[in-house]
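J.: The following block contains the structure, expressed as structure tokens.
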Amino acid sequence: MDITMEQKKQYQKRVEQVCPQTNLLTGCLKAFVVGGLICVLGQMINTWIMNFGADRQLAATWTSISLIFLGSFLTGAGWYDNLGKFAGAGSIIPITGFANGIVSSAIEFKKEGFILGLGAKMFTIAGPVLVYGVLASAIVGLISYFVG
Amino acid sequence: MEFVRAFIVGGLICVVGQILLQRTKLTPARIVVIFVAAGAILTGLGLYQPLVDFAGAGATVPLTGFGYTLAKGAMEEVQSSGILGVFTGPFKAAAGGVGAAILFGYLASVLFNPQSKK
């Protein structure tokens, strides 16, 4: 039996009804606000630490450490994943999302043991980030060595 | 004012990620890898440092900023210790963040258990 164009259209309509596509504008707005606010929090920590006389690099490192701490423990408590459902990339792209990737995969595979479960699986998402980040920056360093 | 700049630039970087998430078939894992690599490459081209100077945490907190830290470390170490810097630079620069990620990540994973699905 041939499927008519009319049936195809009806099916398409039904699909759109059953699983509504997240509106791009809404998604971007949520990502913008949440991602922006996480950066503001980072800026607040950064400014606060620089008040103690830390230089820029030291303050940036402390900021990363603080945000990773927050991301790890909020993930453990189950709050970060709720934020993720709301904010999408707004929670994935900031460094807190990196910590979230580590903890959520580590917790999930904890029952497989502390070595090959927790120990190995904590790098499921963080591993590729480290590998390609180090690879790209090593290439940048190599080029800068020859270019000067 | 520095908070407004951090908010806008950091927010916009996340919006780029959101567009990739919704309009392409890229998985979140691929997107974060692309962001880190892009941050490193833009830093190598000298394009990311101005953004960091302008937006502060708005440019360093997103994962592109992690790539920036790695690449900047590599370039600075190459300056001071030659070709060895290619190997040591990225890790030296990112040591704090990576150390925190492993320590806090481990602690949180040990202390908490998977959330029961509602």
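Chain labels follow the order of the structure tokens: the first chain is A, the next B, and so on; residue numbering restarts at 1 in every chain, and ligands are counted from 1 in their shown order.
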Tell me the residues of chain A close to chain B, meaning within 7 Å using only C-alpha atoms, as a PDB file with C-alpha atoms, in the first residue's frame.
T.:
ATOM      1  CA  LEU A  24      15.834  27.402  19.672  1.00  0.00           C
ATOM      2  CA  GLY A  27      16.938  27.197  24.608  1.00  0.00           C
ATOM      3  CA  CYS A  28      19.487  29.881  23.772  1.00  0.00           C
ATOM      4  CA  ALA A  31      21.736  28.827  28.134  1.00  0.00           C
ATOM      5  CA  PHE A  32      22.692  32.500  27.955  1.00  0.00           C
ATOM      6  CA  VAL A  33      21.301  33.401  31.382  1.00  0.00           C
ATOM      7  CA  GLY A  35      25.949  30.240  31.519  1.00  0.00           C
ATOM      8  CA  GLY A  36      26.347  33.978  32.001  1.00  0.00           C
ATOM      9  CA  LEU A  37      25.480  33.761  35.696  1.00  0.00           C
ATOM     10  CA  CYS A  39      30.643  33.259  34.675  1.00  0.00           C
ATOM     11  CA  VAL A  40      29.528  36.146  36.927  1.00  0.00           C
ATOM     12  CA  GLY A  42      33.472  33.075  38.599  1.00  0.00           C
ATOM     13  CA  GLN A  43      34.181  36.786  38.215  1.00  0.00           C
ATOM     14  CA  THR A  61      43.428  29.076  39.119  1.00  0.00           C
ATOM     15  CA  SER A  64      38.643  27.253  38.477  1.00  0.00           C
ATOM     16  CA  ILE A  65      39.247  25.203  41.620  1.00  0.00           C
ATOM     17  CA  ILE A  68      35.062  22.663  40.047  1.00  0.00           C
ATOM     18  CA  PHE A  69      34.387  22.127  43.752  1.00  0.00           C
ATOM     19  CA  SER A  72      31.359  18.302  41.787  1.00  0.00           C
ATOM     20  CA  PHE A  73      29.312  18.556  44.955  1.00  0.00           C
ATOM     21  CA  GLY A  76      26.686  14.606  43.825  1.00  0.00           C
ATOM     22  CA  ALA A  77      23.697  16.163  45.569  1.00  0.00           C
ATOM     23  CA  GLY A  78      21.693  15.770  42.349  1.00  0.00           C
ATOM     24  CA  GLY A  88      21.380  22.798  28.341  1.00  0.00           C
ATOM     25  CA  ALA A  89      24.709  24.148  27.098  1.00  0.00           C
ATOM     26  CA  GLY A  90      24.528  26.848  29.775  1.00  0.00           C
ATOM     27  CA  ILE A  93      30.058  24.650  28.626  1.00  0.00           C
ATOM     28  CA  PRO A  94      31.238  26.316  31.893  1.00  0.00           C
ATOM     29  CA  ILE A  95      34.000  24.546  33.850  1.00  0.00           C
ATOM     30  CA  ALA A  99      33.208  18.620  36.998  1.00  0.00           C
ATOM     31  CA  ILE A 102      33.376  13.572  35.988  1.00  0.00           C
ATOM     32  CA  VAL A 103      31.081  13.037  38.967  1.00  0.00           C
ATOM     33  CA  ALA A 106      31.870   8.160  38.238  1.00  0.00           C
ATOM     34  CA  ILE A 107      28.792   7.805  40.468  1.00  0.00           C
ATOM     35  CA  GLU A 108      26.909   5.876  37.831  1.00  0.00           C
ATOM     36  CA  ILE A 125      33.715  12.679  29.465  1.00  0.00           C
ATOM     37  CA  PRO A 128      38.494  13.262  25.766  1.00  0.00           C
ATOM     38  CA  VAL A 129      38.488  16.912  26.903  1.00  0.00           C
ATOM     39  CA  TYR A 132      42.225  16.864  22.792  1.00  0.00           C
ATOM     40  CA  GLY A 133      42.891  19.948  24.895  1.00  0.00           C
ATOM     41  CA  VAL A 134      46.469  18.871  25.602  1.00  0.00           C
ATOM     42  CA  ALA A 136      45.713  21.034  20.543  1.00  0.00           C
ATOM     43  CA  SER A 137      47.752  23.120  22.978  1.00  0.00           C
ATOM     44  CA  ALA A 138      50.899  21.022  22.395  1.00  0.00           C
ATOM     45  CA  VAL A 140      50.073  25.398  19.407  1.00  0.00           C
ATOM     46  CA  GLY A 141      53.199  25.302  21.595  1.00  0.00           C
ATOM     47  CA  LEU A 142      55.181  23.476  18.910  1.00  0.00           C
ATOM     48  CA  SER A 144      55.014  28.893  18.548  1.00  0.00           C
ATOM     49  CA  TYR A 145      58.462  27.327  19.122  1.00  0.00           C
TER      50      TYR A 145
END
J.: Figure out the distance between CA of Ala87 (chain A) and CA of Val34 (chain A), please, to one decimal in Å.
T.: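 A separation of 6.2 Å between them.
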J.: So how far away is CA of Asp81 (chain A) from CA of Ser104 (chain A), in Å?
T.: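 For CA of Ser104 (chain A) relative to CA of Asp81 (chain A), the distance reads 8.6 Å.
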J.: Go ahead and compute the interatomic distance for CA of Lys110 (chain A) and CA of Met122 (chain A), in Å to one decimal.
T.: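 So the two atoms, CA of Lys110 (chain A) and CA of Met122 (chain A), lie 9.4 Å apart.
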J.: Could you please write out, as a PyMOL selection string, every residue of chain A that DSSP assigns to alpha helix (DSSP H)?
T.: chain A and resi 5-18+24-50+56-76+79-87+89-92+95-108+120-121+123-147
